[in-house]
Amino acid sequence: MPFTRNWLSSGKRAARRAGVTRACVASARMCCERTALAVRPRHAVRSRILCYHSVGTPGWGVNDVTPARFERQLRLALADGWRFVPPAAIAGGSAGPGTLAVTFDDGVASVLTGAAPILRELNIPFAVFVVSDWSDGNHAFGEGTILGWREVEALAAMGAEIGSHSVNHPNFRDLSPGEAAEQLEASRETIAARTGIDARSFAIPFGQSGNWTFAASEAAARTGYTTLYAQAEETRFPGTVPRTFVTRFDGDRIFRAALGGAFDRWEEWF
Ligand SMILES: [Zn+2]
């Protein structure tokens with residue numbers, strides 16, 4: 001999620017106001033750009049992994065999709081002939097063209113309350129990438145905002161793949177190789193200790209071209225991760241698996257354009 005630093009700052013009122021202003025500017029830019037780019041689909045049908053965040057947590061900003069819109073998007077994709085498969089099937093290359101997968105970053109509680117009932121009804125597999133410190137309760141997002149470990153287990157019991165999204169959502173570009181290794185190792189160890197789940201996939205926080213390093217890739221391989229998910233398509237870091245970001249602005253036309261590749265060279269953060 002993009003504005004963690006602003007949300008977590010408990011400092012001066014002026015600084016908070018400045019943070020909100022930045023968020024609004026970024027939000028407006030995103031809405032305009034996606035609307036403009038949606039006019040030109042770029043690809044023939046292929047496989048695609050969708051990256052969602054929350055489904056019914058308005059505080060998650062541009063990354064939040066309402067449950068009604070989420071269900072509408074899934075039904076639209078099914079009606080258009082897409083077939084949903086586990087993300088690992090696309091990442092591993094065993095899914096054919098015309099396949100889609102659903103993933104969620106940040107471990108937000110509304111994945112269980114807002115998204116999971118819809119996914120279960122439509123029999124759609126999915127993966128959830130949790131931030132281990134946040135699921136341990138170390139966050140400032142408010143009670144009930146983040147999945148606790150029992151809720152993570154409930155999602156796993158539904159068949160969801162559980163992966164890591166780091167210890168506390170840093171930008172890996174800013175970390176030393178040692179710090180990156182610590183994020184990768186400690187989050188995997190915590191997920192195993194709290195749930196018994198062996199997390200083999202890692203979703204890169206922020207997930208775009210400037211948010212990762214070769215040293216982090218090496219540390220991820222040493223730690224035992226087999227799949228690194230980006231949050232970008234053509235602009236992703238080398239060696240990562242592409243994902244298509246879905247935003248709160250994505251009505252039917254923009255969502256279809258995203259499935260057609262209209263945003264495959266687009267980067268969310270700036
Ligand atoms: Zn994230």
# chains A, B, ... in the order shown; residues from 1 in each chain; ligands from 1
call {"tool": "select_by_dssp", "arguments": {"residues": "segment 97-265 of chain A", "states": "strand (DSSP E or B)", "output": "ChimeraX atom specification"}}
result
/A:99-105,108,126-130,146,161-164,201-203,227-229,241,244-245
call {"tool": "write_last_selection", "arguments": {"atoms": "C-alpha atoms", "output": "PDB file, in the first residue's frame"}}
result
ATOM      1  CA  THR A  99      -6.139 -17.949 -17.500  1.00  0.00           C
ATOM      2  CA  LEU A 100      -6.338 -15.512 -14.607  1.00  0.00           C
ATOM      3  CA  ALA A 101      -5.270 -15.742 -10.971  1.00  0.00           C
ATOM      4  CA  VAL A 102      -6.180 -13.694  -7.896  1.00  0.00           C
ATOM      5  CA  THR A 103      -3.693 -12.504  -5.265  1.00  0.00           C
ATOM      6  CA  PHE A 104      -3.901 -10.122  -2.306  1.00  0.00           C
ATOM      7  CA  ASP A 105      -1.058  -8.116  -0.756  1.00  0.00           C
ATOM      8  CA  VAL A 108      -5.844  -6.992   5.193  1.00  0.00           C
ATOM      9  CA  PHE A 126      -6.258 -17.302  -4.608  1.00  0.00           C
ATOM     10  CA  ALA A 127      -3.104 -16.381  -2.695  1.00  0.00           C
ATOM     11  CA  VAL A 128      -2.600 -13.985   0.228  1.00  0.00           C
ATOM     12  CA  PHE A 129       0.709 -12.319   1.088  1.00  0.00           C
ATOM     13  CA  VAL A 130       0.959 -11.281   4.716  1.00  0.00           C
ATOM     14  CA  ILE A 146      -5.234  -6.644   9.510  1.00  0.00           C
ATOM     15  CA  GLU A 161      -1.888 -20.117  -0.729  1.00  0.00           C
ATOM     16  CA  ILE A 162      -0.200 -18.079   2.013  1.00  0.00           C
ATOM     17  CA  GLY A 163       2.987 -16.223   1.164  1.00  0.00           C
ATOM     18  CA  SER A 164       5.155 -13.520   2.678  1.00  0.00           C
ATOM     19  CA  SER A 201       6.325 -17.310  -2.374  1.00  0.00           C
ATOM     20  CA  PHE A 202       7.120 -13.673  -1.659  1.00  0.00           C
ATOM     21  CA  ALA A 203       5.300 -10.586  -2.927  1.00  0.00           C
ATOM     22  CA  THR A 227       8.576 -17.387  -6.489  1.00  0.00           C
ATOM     23  CA  LEU A 228       8.954 -13.596  -6.308  1.00  0.00           C
ATOM     24  CA  TYR A 229       5.856 -11.676  -7.329  1.00  0.00           C
ATOM     25  CA  VAL A 241       6.702 -12.859 -11.790  1.00  0.00           C
ATOM     26  CA  THR A 244      -1.534  -6.760 -12.923  1.00  0.00           C
ATOM     27  CA  PHE A 245      -2.544  -4.182 -10.324  1.00  0.00           C
TER      28      PHE A 245
END
call {"tool": "residues_near_ligand", "arguments": {"ligand": "ligand 1", "cutoff": "9 Å", "atoms": "only C-alpha atoms and all ligand atoms", "output": "number ranges by chain"}}
result
A: 1-2, 53, 104-107, 129-131, 165-166, 169, 203-207
call {"tool": "residues_around", "arguments": {"residues": "segment 264-267 of chain A", "least_positions_apart": "5", "cutoff": "8 Å", "atoms": "only C-alpha atoms", "output": "list in words"}}
result
Gln208, Ala232, Glu233, Glu234, Thr235, Thr244 and Ala258 of chain A
call {"tool": "select_by_dssp", "arguments": {"residues": "segment 6-200 of chain A", "states": "alpha helix (DSSP H)", "output": "ChimeraX atom specification"}}
result
/A:6-8,13-37,67-79,87-91,110,116-122,132-135,149-157,177-195
call {"tool": "atom_distance", "arguments": {"atom1": "atom CA of Ala257 of chain A", "atom2": "atom CA of Leu112 of chain A"}}
result
27.2 Å
call {"tool": "residues_around", "arguments": {"residues": "segment 86-98 of chain A", "least_positions_apart": "3", "cutoff": "6 Å", "atoms": "only C-alpha atoms", "output": "PDB file with N, CA and C atoms, in the first residue's frame"}}
result
ATOM      1  N   VAL A  45      -5.087 -12.390 -25.898  1.00  0.00           N
ATOM      2  CA  VAL A  45      -5.374 -13.084 -24.641  1.00  0.00           C
ATOM      3  C   VAL A  45      -4.158 -13.904 -24.198  1.00  0.00           C
ATOM      4  N   ARG A  46      -3.815 -13.803 -22.963  1.00  0.00           N
ATOM      5  CA  ARG A  46      -2.689 -14.525 -22.376  1.00  0.00           C
ATOM      6  C   ARG A  46      -3.060 -14.826 -20.932  1.00  0.00           C
ATOM      7  N   SER A  47      -2.125 -15.322 -20.146  1.00  0.00           N
ATOM      8  CA  SER A  47      -2.427 -15.516 -18.728  1.00  0.00           C
ATOM      9  C   SER A  47      -2.022 -14.260 -17.963  1.00  0.00           C
ATOM     10  N   TRP A  82     -12.506 -15.925 -19.431  1.00  0.00           N
ATOM     11  CA  TRP A  82     -11.286 -16.216 -18.664  1.00  0.00           C
ATOM     12  C   TRP A  82     -11.544 -17.387 -17.734  1.00  0.00           C
ATOM     13  N   ALA A 101      -5.417 -15.349 -12.368  1.00  0.00           N
ATOM     14  CA  ALA A 101      -5.270 -15.742 -10.971  1.00  0.00           C
ATOM     15  C   ALA A 101      -5.480 -14.520 -10.088  1.00  0.00           C
ATOM     16  N   PRO A 125      -9.575 -20.017  -6.915  1.00  0.00           N
ATOM     17  CA  PRO A 125      -8.422 -20.110  -6.000  1.00  0.00           C
ATOM     18  C   PRO A 125      -7.718 -18.758  -5.870  1.00  0.00           C
ATOM     19  N   PHE A 126      -6.937 -18.592  -4.811  1.00  0.00           N
ATOM     20  CA  PHE A 126      -6.258 -17.302  -4.608  1.00  0.00           C
ATOM     21  C   PHE A 126      -5.075 -17.457  -3.661  1.00  0.00           C
TER      22      PHE A 126
END
call {"tool": "closest_residue", "arguments": {"among": "A:Ser110, A:Asn123, A:Asn138, A:Thr247", "to": "Val85 of chain A", "atoms": "only C-alpha atoms"}}
result
A:Asn123
call {"tool": "atom_distance", "arguments": {"atom1": "atom CA of Ala77 of chain A", "atom2": "atom CA of Arg256 of chain A"}}
result
8.0 Å
call {"tool": "closest_residue", "arguments": {"among": "A:Val167, A:Leu119, A:Leu50, A:Ile254", "to": "Arg75 of chain A", "atoms": "only C-alpha atoms"}}
result
A:Leu119
call {"tool": "closest_residue", "arguments": {"among": "A:Ser132, A:Gly251, A:Phe214, A:Phe84", "to": "Pro238 of chain A", "atoms": "only C-alpha atoms"}}
result
A:Phe214
call {"tool": "residues_around", "arguments": {"residues": "Arg222 of chain A", "least_positions_apart": "4", "cutoff": "9 Å", "atoms": "only C-alpha atoms", "output": "list of chain:residue names"}}
result
A:Ala181, A:Ser217, A:Glu218
call {"tool": "residues_around", "arguments": {"residues": "Ile197 of chain A", "least_positions_apart": "5", "cutoff": "10 Å", "atoms": "only C-alpha atoms", "output": "PyMOL selection string"}}
result
chain A and resi 152-153+156+161-163+188-192
call {"tool": "atom_distance", "arguments": {"atom1": "atom CA of Thr145 of chain A", "atom2": "atom CA of Thr57 of chain A"}}
result
7.7 Å
